[in-house]
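Undergrad: Input upload34.cif, format and content: mmCIF, C-alpha atoms and all ligand atoms.
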```
data_run
loop_
_atom_site.label_atom_id
_atom_site.label_comp_id
_atom_site.auth_asym_id
_atom_site.auth_seq_id
_atom_site.Cartn_x
_atom_site.Cartn_y
_atom_site.Cartn_z
CA MET D 15 94.43 93.66 217.36
CA SER D 16 97.08 91.35 218.86
CA SER D 17 100.13 92.79 220.65
CA LYS D 18 102.21 91.07 217.99
CA GLU D 19 100.43 93.20 215.40
CA GLU D 20 100.93 96.41 217.37
CA LYS D 21 104.67 95.90 217.51
CA CYS D 22 105.09 94.65 213.97
CA LYS D 23 107.58 96.27 211.66
CA SER D 24 106.51 97.59 208.33
CA THR D 25 108.21 98.17 205.01
CA ASN D 26 107.18 100.25 202.03
CA VAL D 27 107.58 98.93 198.51
CA LEU D 28 106.96 100.96 195.38
CA VAL D 29 105.41 98.87 192.60
CA LEU D 30 105.78 100.23 189.08
CA TYR D 31 103.17 98.58 186.88
CA THR D 32 104.42 98.99 183.32
CA GLY D 33 102.25 96.38 181.58
CA GLY D 34 102.69 92.80 180.39
CA THR D 35 100.51 89.71 180.41
CA ILE D 36 100.08 89.91 184.17
CA GLY D 37 97.38 92.58 183.77
CA MET D 38 96.10 91.74 180.30
CA TYR D 39 92.61 90.74 179.30
CA ARG D 40 91.28 89.00 176.23
CA SER D 41 89.97 91.11 173.37
CA ASN D 42 89.04 90.44 169.74
CA ALA D 43 92.46 91.79 168.81
CA GLY D 44 94.21 89.36 171.18
CA LEU D 45 95.53 89.77 174.72
CA LYS D 46 96.03 93.42 175.58
CA CYS D 47 96.71 95.69 178.52
CA GLY D 48 93.79 97.39 180.17
CA SER D 49 92.58 98.84 183.46
CA GLY D 50 91.33 97.34 186.70
CA PHE D 51 94.56 95.68 187.76
CA THR D 52 94.93 97.34 191.16
CA ASP D 53 91.24 96.82 191.94
CA LEU D 54 91.71 93.14 191.22
CA LEU D 55 94.72 92.91 193.56
CA LYS D 56 92.63 94.49 196.31
CA LYS D 57 90.19 91.60 196.06
CA LEU D 58 92.85 88.91 196.55
CA PRO D 59 93.34 88.13 200.27
CA MET D 60 96.87 86.78 199.75
CA LEU D 61 97.85 90.11 198.21
CA HIS D 62 95.81 92.56 200.24
CA ASP D 63 94.52 92.60 203.81
CA ASP D 64 91.45 94.77 203.48
CA ASP D 65 90.69 94.68 207.23
CA TYR D 66 94.05 95.97 208.40
CA LYS D 67 93.90 99.39 210.01
CA TYR D 68 97.55 100.47 209.78
CA PRO D 69 98.39 101.56 213.37
CA ASN D 70 102.13 102.19 212.99
CA GLN D 71 102.38 102.96 209.36
CA ARG D 72 105.28 105.01 208.06
CA LYS D 73 103.71 106.73 205.08
CA PRO D 74 106.12 107.26 202.20
CA ASP D 75 106.88 110.88 201.64
CA VAL D 76 105.67 111.36 198.08
CA SER D 77 103.65 114.10 196.47
CA HIS D 78 101.88 112.00 193.85
CA ASP D 79 98.87 109.74 194.30
CA LEU D 80 99.57 106.03 194.59
CA HIS D 81 97.29 103.07 195.26
CA GLU D 82 98.04 101.75 198.75
CA LEU D 83 97.80 98.04 199.55
CA VAL D 84 99.13 95.88 202.36
CA LEU D 85 100.04 92.21 202.56
CA PRO D 86 98.77 90.05 205.41
CA LEU D 87 101.20 89.86 208.37
CA SER D 88 104.20 87.86 207.17
CA GLU D 89 105.95 84.89 208.78
CA TYR D 90 108.71 87.38 209.77
CA GLY D 91 106.19 89.58 211.63
CA VAL D 92 106.37 92.30 209.00
CA ARG D 93 103.59 94.24 207.31
CA VAL D 94 104.62 94.91 203.75
CA PHE D 95 102.86 97.98 202.40
CA TYR D 96 103.00 98.42 198.69
CA TYR D 97 102.12 101.40 196.61
CA ILE D 98 101.24 100.96 192.98
CA LYS D 99 102.08 103.43 190.28
CA GLU D 100 100.20 102.36 187.18
CA TYR D 101 101.84 103.63 184.02
CA GLU D 102 99.52 105.67 181.88
CA GLU D 103 100.29 103.62 178.80
CA LYS D 104 100.69 100.03 179.93
CA LYS D 105 102.69 98.14 177.36
CA ASP D 106 103.22 94.72 176.00
CA SER D 107 106.96 94.60 176.59
CA SER D 108 107.55 93.86 172.90
CA ASN D 109 106.69 97.53 172.38
CA MET D 110 109.16 98.79 174.93
CA ASP D 111 112.30 100.67 174.02
CA SER D 112 115.03 102.74 175.58
CA GLU D 113 112.61 105.57 176.47
CA ASP D 114 110.68 103.13 178.64
CA TRP D 115 113.91 102.01 180.32
CA VAL D 116 114.75 105.62 181.11
CA GLU D 117 111.23 106.28 182.44
CA ILE D 118 111.44 103.28 184.79
CA ALA D 119 114.96 104.22 185.89
CA LYS D 120 113.88 107.79 186.63
CA ASP D 121 110.87 106.59 188.60
CA VAL D 122 113.15 104.53 190.82
CA ARG D 123 115.54 107.47 191.17
CA ASP D 124 112.80 109.98 192.01
CA ASN D 125 111.28 107.69 194.64
CA TYR D 126 114.50 106.16 195.90
CA ASP D 127 114.54 107.85 199.31
CA ALA D 128 110.82 107.47 199.96
CA PHE D 129 110.68 103.67 199.65
CA ASP D 130 112.54 100.71 201.04
CA SER D 131 112.52 98.73 197.82
CA PHE D 132 111.04 98.46 194.33
CA VAL D 133 109.07 95.93 192.30
CA ILE D 134 108.61 96.43 188.57
CA LEU D 135 105.71 94.60 186.92
CA HIS D 136 106.74 94.03 183.33
CA GLY D 137 105.97 91.83 180.34
CA THR D 138 108.11 88.74 180.10
CA ASP D 139 109.13 89.07 176.45
CA THR D 140 111.77 91.72 177.01
CA MET D 141 112.07 91.57 180.78
CA SER D 142 115.67 90.32 180.66
CA TYR D 143 116.68 93.30 178.51
CA THR D 144 115.09 95.76 180.94
CA ALA D 145 116.61 94.00 183.94
CA SER D 146 120.03 94.08 182.26
CA ILE D 147 119.97 97.71 181.21
CA LEU D 148 118.64 98.87 184.61
CA SER D 149 121.47 97.00 186.32
CA PHE D 150 123.93 99.15 184.34
CA MET D 151 121.99 102.41 184.57
CA PHE D 152 121.76 102.12 188.38
CA GLN D 153 125.07 103.05 189.91
CA ASN D 154 125.72 102.28 193.57
CA LEU D 155 122.36 100.66 194.14
CA HIS D 156 121.74 100.00 197.84
CA LYS D 157 118.12 98.86 197.67
CA THR D 158 116.27 95.83 196.36
CA VAL D 159 114.86 96.13 192.84
CA ILE D 160 112.86 93.20 191.45
CA LEU D 161 111.23 92.72 188.06
CA THR D 162 108.42 90.23 187.71
CA GLY D 163 105.40 89.44 185.57
CA SER D 164 103.57 86.33 184.50
CA GLN D 165 102.79 83.98 181.66
CA ILE D 166 99.03 84.01 182.39
CA SER D 167 97.04 87.08 183.33
CA LEU D 168 95.95 87.64 186.89
CA PHE D 169 92.44 88.03 185.51
CA GLU D 170 92.42 84.32 184.63
CA GLN D 171 91.32 81.80 187.24
CA ARG D 172 94.52 79.76 186.97
CA ASN D 173 97.62 81.91 186.68
CA ASP D 174 101.23 82.32 187.81
CA GLY D 175 100.87 86.06 188.44
CA ARG D 176 99.60 85.77 192.01
CA ASN D 177 102.62 83.79 193.18
CA ASN D 178 105.07 85.89 191.22
CA VAL D 179 103.75 89.14 192.67
CA LEU D 180 103.63 87.70 196.18
CA GLY D 181 107.15 86.25 195.90
CA ALA D 182 108.57 89.51 194.57
CA LEU D 183 106.88 91.46 197.40
CA MET D 184 108.13 88.96 199.99
CA PHE D 185 111.73 89.49 198.89
CA ALA D 186 111.32 93.23 198.41
CA GLY D 187 109.54 93.64 201.74
CA HIS D 188 111.95 91.60 203.86
CA PHE D 189 115.45 91.50 202.39
CA VAL D 190 117.99 94.01 201.24
CA ILE D 191 119.32 92.46 198.06
CA PRO D 192 120.83 95.55 196.44
CA GLU D 193 120.76 94.38 192.86
CA VAL D 194 118.41 94.54 189.90
CA THR D 195 116.89 91.08 190.11
CA LEU D 196 114.21 89.12 188.31
CA PHE D 197 111.76 86.95 190.23
CA PHE D 198 109.90 84.18 188.47
CA HIS D 199 108.42 80.82 189.43
CA GLY D 200 110.01 80.67 192.87
CA LYS D 201 113.45 81.89 191.91
CA LEU D 202 115.16 85.22 192.33
CA TYR D 203 117.85 85.72 189.70
CA ARG D 204 120.47 88.38 189.07
CA GLY D 205 118.60 90.23 186.32
CA ASN D 206 121.53 90.69 183.96
CA ARG D 207 122.18 86.95 183.98
CA THR D 208 118.70 85.98 182.82
CA THR D 209 117.17 85.06 179.52
CA LYS D 210 113.63 84.06 178.58
CA ILE D 211 113.82 80.36 177.72
CA ASN D 212 110.19 79.35 177.42
CA SER D 213 107.26 81.20 175.89
CA GLY D 214 104.61 78.95 177.40
CA ASP D 215 105.80 77.42 180.63
CA PHE D 216 105.60 78.99 184.09
CA LEU D 217 109.34 78.39 184.29
CA ALA D 218 109.94 81.11 181.71
CA PHE D 219 113.42 82.29 182.67
CA ASP D 220 116.79 80.83 183.31
CA SER D 221 120.11 82.19 184.48
CA PRO D 222 122.31 79.70 182.67
CA ASN D 223 125.67 80.76 184.09
CA LEU D 224 124.76 81.82 187.61
CA ALA D 225 122.56 79.90 190.03
CA PRO D 226 119.58 81.85 191.47
CA LEU D 227 120.43 84.34 194.19
CA ALA D 228 117.47 83.13 196.25
CA THR D 229 114.60 80.68 196.15
CA ILE D 230 111.18 80.63 197.72
CA GLY D 231 109.43 77.36 198.46
CA ALA D 232 108.41 75.91 201.80
CA GLU D 233 111.39 77.95 202.99
CA ILE D 234 113.01 81.11 201.76
CA ASN D 235 116.73 80.80 201.05
CA VAL D 236 119.04 83.63 200.11
CA ARG D 237 122.62 82.99 198.99
CA TRP D 238 124.01 86.02 200.77
CA ASP D 239 127.56 85.29 199.69
CA VAL D 240 126.80 85.90 196.00
CA ILE D 241 124.85 89.11 196.39
CA TRP D 242 126.56 91.96 194.57
CA ARG D 243 127.40 94.82 196.89
CA CYS D 244 128.77 98.18 195.91
CA ASP D 245 130.60 100.65 198.10
CA PRO D 246 128.14 101.61 200.89
CA ASN D 247 129.61 105.10 201.03
CA LYS D 248 128.76 105.91 197.45
CA LYS D 249 125.51 107.62 196.56
CA PHE D 250 122.96 106.02 194.26
CA THR D 251 122.81 107.67 190.86
CA VAL D 252 121.11 106.86 187.58
CA HIS D 253 122.82 107.05 184.21
CA THR D 254 120.16 108.00 181.69
CA GLU D 255 122.22 108.41 178.51
CA LEU D 256 122.32 105.36 176.22
CA ASN D 257 123.97 104.77 172.88
CA LEU D 258 121.51 102.94 170.65
CA ASP D 259 123.89 102.39 167.74
CA VAL D 260 124.36 98.78 168.69
CA GLY D 261 123.42 95.53 167.04
CA VAL D 262 123.60 91.76 167.15
CA LEU D 263 125.35 89.69 164.51
CA LYS D 264 124.30 86.07 164.89
CA LEU D 265 126.54 83.81 162.85
CA PHE D 266 125.11 80.91 160.90
CA PRO D 267 126.80 78.61 158.41
CA GLY D 268 126.86 80.37 155.06
CA ILE D 269 126.15 83.89 156.30
CA THR D 270 127.11 86.20 153.45
CA ASP D 271 129.71 88.91 153.63
CA ASN D 272 127.01 91.36 152.57
CA THR D 273 124.93 90.54 155.62
CA VAL D 274 127.96 90.84 157.89
CA GLU D 275 128.96 94.09 156.22
CA SER D 276 125.49 95.59 156.61
CA ILE D 277 125.65 95.15 160.38
CA CYS D 278 129.24 96.28 160.72
CA ARG D 279 128.88 99.58 158.92
CA GLU D 280 128.46 103.10 160.34
CA PRO D 281 126.70 104.30 162.44
CA VAL D 282 126.88 101.06 164.44
CA LYS D 283 129.35 101.50 167.28
CA GLY D 284 128.88 98.25 169.16
CA ILE D 285 128.21 94.74 167.90
CA VAL D 286 127.38 91.63 169.87
CA LEU D 287 128.89 88.83 167.83
CA GLU D 288 126.93 85.67 168.60
CA SER D 289 129.56 83.15 167.65
CA PHE D 290 129.50 79.37 167.44
CA GLY D 291 130.25 77.21 170.49
CA ALA D 292 133.14 78.48 172.57
CA GLY D 293 133.51 81.66 170.50
CA ASN D 294 134.25 80.40 167.02
CA CYS D 295 133.72 81.73 163.51
CA PRO D 296 134.52 80.82 159.87
CA ASN D 297 138.20 81.82 160.19
CA GLU D 298 139.04 80.57 156.70
CA ARG D 299 136.91 83.31 155.16
CA LYS D 300 139.41 86.12 154.73
CA GLU D 301 136.80 88.63 153.60
CA PHE D 302 134.62 87.94 156.64
CA ILE D 303 137.52 88.56 159.02
CA GLU D 304 138.49 91.72 157.13
CA ILE D 305 135.00 93.18 157.51
CA LEU D 306 135.17 92.71 161.28
CA GLU D 307 138.69 94.11 161.41
CA LYS D 308 137.67 97.16 159.41
CA ALA D 309 134.83 97.88 161.85
CA ILE D 310 137.21 97.61 164.80
CA LYS D 311 139.70 99.93 163.07
CA ARG D 312 137.03 102.60 162.64
CA GLY D 313 136.39 102.42 166.41
CA ALA D 314 133.51 99.96 166.76
CA ILE D 315 133.50 97.48 169.63
CA ILE D 316 132.81 93.88 168.70
CA PHE D 317 131.88 91.76 171.70
CA ASN D 318 132.14 88.00 171.29
CA CYS D 319 129.39 85.96 173.00
CA THR D 320 128.41 82.37 172.47
CA GLN D 321 125.17 81.27 170.82
CA CYS D 322 125.01 78.46 173.37
CA LEU D 323 122.66 78.89 176.28
CA LYS D 324 125.30 77.83 178.77
CA GLY D 325 129.05 78.41 178.94
CA GLY D 326 131.17 81.17 177.45
CA VAL D 327 133.79 82.07 174.88
CA LYS D 328 137.44 81.02 175.05
CA LYS D 329 140.54 81.22 172.91
CA ASP D 330 140.93 77.46 172.56
CA PHE D 331 140.22 76.99 168.87
CA GLU D 332 141.97 78.36 165.81
CA THR D 333 138.49 79.38 164.65
CA GLY D 334 138.03 81.51 167.76
CA LYS D 335 141.52 82.79 168.47
CA ILE D 336 141.58 84.81 165.26
CA LEU D 337 138.76 87.01 166.56
CA PHE D 338 140.80 88.01 169.58
CA ASP D 339 143.85 88.57 167.37
CA ILE D 340 142.00 91.23 165.38
CA GLY D 341 140.71 92.97 168.51
CA VAL D 342 137.30 91.40 169.15
CA LEU D 343 136.55 91.50 172.90
CA SER D 344 135.59 88.53 175.04
CA GLY D 345 132.08 88.51 176.44
CA SER D 346 132.99 85.50 178.59
CA ASP D 347 129.68 83.91 179.66
CA ILE D 348 127.45 86.98 179.32
CA THR D 349 123.93 86.70 177.86
CA THR D 350 123.09 88.49 174.63
CA GLU D 351 120.61 90.67 176.53
CA ALA D 352 123.28 91.83 178.97
CA ALA D 353 125.92 92.16 176.23
CA LEU D 354 123.76 94.39 174.07
CA THR D 355 122.57 96.63 176.89
CA LYS D 356 126.05 96.83 178.37
CA LEU D 357 127.33 98.09 175.01
CA SER D 358 124.58 100.75 175.00
CA TYR D 359 125.59 101.82 178.46
CA VAL D 360 129.37 101.71 178.11
CA LEU D 361 129.39 103.38 174.69
CA SER D 362 127.36 106.27 176.09
CA LYS D 363 129.97 107.03 178.74
CA ASP D 364 132.38 109.87 178.32
CA LEU D 365 135.51 107.73 178.38
CA PRO D 366 138.37 106.99 175.99
CA LEU D 367 137.80 103.99 173.72
CA ASP D 368 140.46 101.92 175.53
CA LYS D 369 138.70 102.40 178.83
CA LYS D 370 135.35 101.46 177.30
CA LYS D 371 136.90 98.27 175.96
CA GLU D 372 138.35 97.49 179.36
CA LEU D 373 134.93 97.96 180.98
CA MET D 374 133.30 95.63 178.47
CA GLU D 375 135.55 92.77 179.54
CA THR D 376 135.22 93.59 183.23
CA SER D 377 132.37 92.46 185.45
CA ILE D 378 130.79 95.76 186.49
CA ARG D 379 127.48 94.41 187.90
CA GLY D 380 128.21 90.70 188.12
CA GLU D 381 127.04 90.21 184.53
CA LEU D 382 129.96 88.04 183.42
CA SER D 383 132.55 85.74 184.89
CA VAL D 384 136.00 87.18 184.80
CA ALA D 385 138.46 85.02 182.91
CA SER D 386 141.99 86.27 183.04
CA THR D 387 145.34 84.59 182.81
CA SER D 388 147.40 87.32 184.45
CA LYS D 389 148.56 86.52 188.01
CA SER D 390 146.27 88.97 189.77
CA GLY D 391 143.53 88.15 187.30
CA PHE D 392 143.98 84.49 188.06
CA ILE D 393 143.47 85.06 191.77
CA LYS D 394 140.46 87.25 191.08
CA ALA D 395 139.03 84.70 188.71
CA ILE D 396 139.35 81.94 191.33
CA ALA D 397 137.92 84.21 193.96
CA SER D 398 135.00 85.33 191.88
CA ASP D 399 134.36 81.77 190.83
CA MET D 400 134.38 80.66 194.45
CA ASP D 401 132.10 83.55 195.21
CA SER D 402 129.28 81.64 193.61
CA THR D 403 129.81 78.67 195.89
CA PRO D 404 128.41 79.34 199.34
CA ASP D 405 130.86 77.08 201.20
CA ASN D 406 133.85 78.85 199.76
CA ASN D 407 132.76 82.29 200.77
CA ASP D 408 135.43 82.85 203.39
CA VAL D 409 138.23 81.70 201.11
CA SER D 410 136.99 83.89 198.33
CA LYS D 411 136.75 86.92 200.61
CA LEU D 412 140.29 86.25 201.77
CA LEU D 413 141.46 86.10 198.19
CA LEU D 414 139.63 89.30 197.47
CA ASN D 415 141.51 91.01 200.26
CA GLY D 416 138.89 90.64 202.92
CA THR D 417 136.38 92.89 201.22
CA SER D 418 132.89 91.90 200.30
CA HIS D 419 132.26 95.08 198.33
CA HIS D 420 132.87 95.18 194.64
CA LYS D 421 135.36 97.74 193.47
CA ASP D 422 134.14 100.59 191.36
CA ASN D 423 135.67 99.50 188.07
CA GLU D 424 134.00 102.23 186.12
CA ASN D 425 136.05 105.09 187.45
CA GLY D 426 139.47 103.72 186.95
CA ALA D 427 139.80 101.58 190.10
CA ALA D 428 141.81 98.38 189.81
CA HIS D 429 140.05 95.22 188.84
N1 LIG D 501 103.82 89.77 175.30
C1 LIG D 501 103.86 89.82 176.74
C2 LIG D 501 104.84 90.90 177.15
O1 LIG D 501 106.00 90.71 177.14
C3 LIG D 501 104.25 88.52 177.31
C4 LIG D 501 104.24 88.44 178.81
O2 LIG D 501 104.12 89.41 179.54
O3 LIG D 501 104.38 87.31 179.32
O4 LIG D 501 104.45 91.96 177.49
#
```
As structure tokens, what does this structure read like?
TA:
Amino acid sequence: MSSKEEKCKSTNVLVLYTGGTIGMYRSNAGLKCGSGFTDLLKKLPMLHDDDYKYPNQRKPDVSHDLHELVLPLSEYGVRVFYYIKEYEEKKDSSNMDSEDWVEIAKDVRDNYDAFDSFVILHGTDTMSYTASILSFMFQNLHKTVILTGSQISLFEQRNDGRNNVLGALMFAGHFVIPEVTLFFHGKLYRGNRTTKINSGDFLAFDSPNLAPLATIGAEINVRWDVIWRCDPNKKFTVHTELNLDVGVLKLFPGITDNTVESICREPVKGIVLESFGAGNCPNERKEFIEILEKAIKRGAIIFNCTQCLKGGVKKDFETGKILFDIGVLSGSDITTEAALTKLSYVLSKDLPLDKKKELMETSIRGELSVASTSKSGFIKAIASDMDSTPDNNDVSKLLLNGTSHHKDNENGAAH
């Protein structure tokens, strides 16, 4: 063993394997999850160094049995150990629901101190929903959490899974990016900004309103200035209560009042209104507006988000302004996945309705761009906007009062 090897640092990553195409095999019934995934990884030299004898290994302090693997020595001189927890029932992510989200969140919580970072292997179909909800459930996250998967199974000769797993482990094993992120096809995204845009291509995800946090190619680049950081003095906790009485109302020309009514009625407490363009609706239809207004009056939250892939909602048009006049909230440039899961999270909190509404329009995990016209809001909006431009980092920090930590908006702090 070289002296370089003897002195090398090591990191420990917990990998939660929940299912998805990445570990599927062909069957008469179609692609399905099965066993043998970890054994396969062990046979891939880029993902496991079978000859390595672990001289300085820091074993994670866990009571349960995990499969232990180690990457070859990295370009940073680090040995990344990873420990796989295979879920008993591995799922196609189309079958996942809130119980699965809670299970994943609890697994991270229960292993939080024992590991340096976390990778979650997950199906691509609902990965953006899971990434979004975990970003809200995790409060004061100080460690890297990355979701990844693949479009083609690792059991196939030609697949994107190998590179996605390796890329996710590279980020998790070397960088502290304390957010719930999603890694796919060379890009690390803020998870709650992503959406699945392609069901067949290796470039399956996009983050339409926020450039990737990091990229991996010939070089690895991290945009440190945009990484979301919470107060380092606050302890990581997991919020496991969710309110599932939420729904999505996607407008289309000619949608009937009956359809609108059926989504706006009890017990639904939160509605993502997927409006046209920059937040517009058929404002000339009195009945339609009245149905929305009635729902708001009985205490439901209606959250206005655009149907467009890129951009957000504004109050520019007569057809959009009316929604704000009756109390619909602005989702700014949030994705539907983040909007829906944020509603589930916020509605489950023990807070007065006014405070819940305030939280919905506030960026609590970097999930939306803040658009405000008040003076302090204006400065914050410029600052947060600049925050996504590396060169302007210093100016934005100055505007944000010299702090690079995001305020805890959820407990009444100013925003
Ligand atoms: N149906 C699969 C899933 O979401 C698709 C994939 O993983 O790419 O689990």
Undergrad: I'd like a table as CSV: residues in chain D with an atom no more than 9 Å from ligand LIG 501 (chain D), each row giving the shortest atom pair and its distance in Å to one decimal, only C-alpha atoms and all ligand atoms counted, sorted by chain and rising residue number.
TA:
```
residue,atom,partner,partner_atom,distance
D:Gly33,CA,D:LIG501,O4,6.4
D:Gly34,CA,D:LIG501,O4,3.5
D:Thr35,CA,D:LIG501,O2,3.7
D:Ile36,CA,D:LIG501,O2,6.2
D:Gly37,CA,D:LIG501,O2,8.6
D:Met38,CA,D:LIG501,O2,8.4
D:Leu45,CA,D:LIG501,N1,8.3
D:Lys46,CA,D:LIG501,N1,8.6
D:Cys47,CA,D:LIG501,O4,8.7
D:Lys105,CA,D:LIG501,O4,6.4
D:Asp106,CA,D:LIG501,O4,3.4
D:Ser107,CA,D:LIG501,O4,3.8
D:Ser108,CA,D:LIG501,O1,5.5
D:Asn109,CA,D:LIG501,O4,7.9
D:Met110,CA,D:LIG501,O4,8.7
D:His136,CA,D:LIG501,O2,6.5
D:Gly137,CA,D:LIG501,O2,3.1
D:Thr138,CA,D:LIG501,O3,4.1
D:Asp139,CA,D:LIG501,O1,3.6
D:Thr140,CA,D:LIG501,O1,5.9
D:Met141,CA,D:LIG501,O1,7.1
D:Gly163,CA,D:LIG501,O2,6.2
D:Ser164,CA,D:LIG501,O3,5.3
D:Gln165,CA,D:LIG501,O3,4.4
D:Ile166,CA,D:LIG501,O3,7.0
D:Ser167,CA,D:LIG501,O2,8.4
D:Ser213,CA,D:LIG501,O3,7.6
D:Gly214,CA,D:LIG501,O3,8.6
D:Ala218,CA,D:LIG501,O3,8.7
```
Undergrad: Tell me which residues come within 8 Å of (107.6, 82.9, 205.7), as a compact mmCIF listing (two decimals) with C-alpha atoms, in the frame of the given file, counting only C-alpha atoms in the file's coordinates.
TA:
```
# COMPACT_ATOMS: atom_id res chain seq x y z
CA SER D 88 104.20 87.86 207.17
CA GLU D 89 105.95 84.89 208.78
CA TYR D 90 108.71 87.38 209.77
CA GLU D 233 111.39 77.95 202.99
CA ILE D 234 113.01 81.11 201.76
```
Undergrad: Using all atoms listed in the file, which of the listed residues (D:Leu287, D:Val252, D:Val92, D:Cys278) sits closest to Arg123 in chain D?
TA: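 Distance minimum relative to Arg123 in chain D lands on D:Val252.
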Undergrad: Considering all atoms listed in the file, can you say which of D:Ile230, D:Leu183, D:Val84, D:Leu382 comes closest to Tyr68 in chain D?
TA: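 The closest residue to Tyr68 in chain D is D:Val84.
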Undergrad: Tell me, as number ranges by chain, which residues lie within 9 Å of range 292-309 of chain D, counting only C-alpha atoms; anything in the same chain fewer than 5 positions away does not count.
TA: D: 265, 267, 270-271, 274-275, 278-280, 282-283, 287, 314-316, 318-322, 325-337, 340-342, 344, 346
Undergrad: Since we have the selection now, will you write its residues out, keeping C-alpha atoms, as a short mmCIF file (atom, residue, chain, number, x, y, z; two decimals), keeping the file's coordinate frame?
TA:
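Contents of result.cif, freshly written:
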```cif
data_model
loop_
_atom_site.label_atom_id
_atom_site.label_comp_id
_atom_site.auth_asym_id
_atom_site.auth_seq_id
_atom_site.Cartn_x
_atom_site.Cartn_y
_atom_site.Cartn_z
CA LEU D 265 126.54 83.81 162.85
CA PRO D 267 126.80 78.61 158.41
CA THR D 270 127.11 86.20 153.45
CA ASP D 271 129.71 88.91 153.63
CA VAL D 274 127.96 90.84 157.89
CA GLU D 275 128.96 94.09 156.22
CA CYS D 278 129.24 96.28 160.72
CA ARG D 279 128.88 99.58 158.92
CA GLU D 280 128.46 103.10 160.34
CA VAL D 282 126.88 101.06 164.44
CA LYS D 283 129.35 101.50 167.28
CA LEU D 287 128.89 88.83 167.83
CA ALA D 314 133.51 99.96 166.76
CA ILE D 315 133.50 97.48 169.63
CA ILE D 316 132.81 93.88 168.70
CA ASN D 318 132.14 88.00 171.29
CA CYS D 319 129.39 85.96 173.00
CA THR D 320 128.41 82.37 172.47
CA GLN D 321 125.17 81.27 170.82
CA CYS D 322 125.01 78.46 173.37
CA GLY D 325 129.05 78.41 178.94
CA GLY D 326 131.17 81.17 177.45
CA VAL D 327 133.79 82.07 174.88
CA LYS D 328 137.44 81.02 175.05
CA LYS D 329 140.54 81.22 172.91
CA ASP D 330 140.93 77.46 172.56
CA PHE D 331 140.22 76.99 168.87
CA GLU D 332 141.97 78.36 165.81
CA THR D 333 138.49 79.38 164.65
CA GLY D 334 138.03 81.51 167.76
CA LYS D 335 141.52 82.79 168.47
CA ILE D 336 141.58 84.81 165.26
CA LEU D 337 138.76 87.01 166.56
CA ILE D 340 142.00 91.23 165.38
CA GLY D 341 140.71 92.97 168.51
CA VAL D 342 137.30 91.40 169.15
CA SER D 344 135.59 88.53 175.04
CA SER D 346 132.99 85.50 178.59
#
```
Undergrad: Which residues are close to Glu102 in chain D, i.e. within 12 Å by all atoms listed in the file, leaving aside same-chain residues fewer than 2 positions away? Reply as a ChimeraX atom specification.
TA: /D:30-33,47-49,99-100,104-105,114,117
Undergrad: Pick out the residues sitting within 10 Å of Glu82 in chain D, and hand them over as a list in words; count only C-alpha atoms, and ignore anything fewer than 3 positions along from it in its own chain.
TA: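 Residues near the query, excluding close chain neighbours: Asn26, Val27, Leu28, Thr52, Lys56, His62, Lys73, Asp79, Phe95, Tyr96, Tyr97, Ile98 and Lys99 of chain D.
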Undergrad: Rank D:Ser131, D:Asn154, D:Ser142, D:Asn125 by their smallest atom-to-atom distance to Ala353 in chain D, using only C-alpha atoms, and report the top residue only.
TA: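 Closest to Ala353 in chain D, using only C-alpha atoms: D:Ser142.
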Undergrad: Could you tell me how far CA of Ala145 in chain D sits from CA of Tyr101 in chain D, in Å to one decimal place?
TA: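 Rounded to one decimal, the two atoms are 17.6 Å apart.
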Undergrad: What does the distance from CA of Asn235 in chain D to CA of Phe198 in chain D come to in Å, to one decimal?
TA: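 Result for CA of Asn235 in chain D versus CA of Phe198 in chain D: 14.7 Å, one decimal.
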Undergrad: Counting all atoms listed in the file, what is within 6 Å of Asn257 in chain D, bar same-chain residues fewer than 6 positions away, as a list in words?
TA: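 In the requested form, the answer reads Ser358, Leu361 and Ser362 of chain D.
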Undergrad: Determine, counting all atoms listed in the file, which protein, DNA and RNA residues have an atom within 9 Å of an atom of Lys23 in chain D; residues of the same chain fewer than 6 positions away are not included. Present the result as a list in words.
TA: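 In the requested format, the answer is Asn70, Gln71, Gly91, Val92, Arg93 and Val94 of chain D.
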Undergrad: Could you check how far CA of Asn206 in chain D sits from CA of Ser149 in chain D, in Å to one decimal?
TA: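 Result for CA of Asn206 in chain D versus CA of Ser149 in chain D: 6.7 Å, one decimal.
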Undergrad: What does range 188-199 of chain D look like written to a file with C-alpha atoms, as a CSV table (one decimal), in the first residue's frame?
TA:
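Listing of part-v3.csv after writing:
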```
chain,number,residue,atom,x,y,z
D,188,HIS,CA,-16.5,14.9,-0.8
D,189,PHE,CA,-18.7,18.0,-0.3
D,190,VAL,CA,-20.9,19.3,2.4
D,191,ILE,CA,-23.9,20.6,0.4
D,192,PRO,CA,-26.5,20.7,3.2
D,193,GLU,CA,-29.6,20.5,1.1
D,194,VAL,CA,-31.8,17.8,-0.3
D,195,THR,CA,-30.5,17.6,-3.8
D,196,LEU,CA,-31.1,15.5,-6.9
D,197,PHE,CA,-28.2,14.2,-9.0
D,198,PHE,CA,-28.8,13.1,-12.6
D,199,HIS,CA,-26.8,13.1,-15.8
```
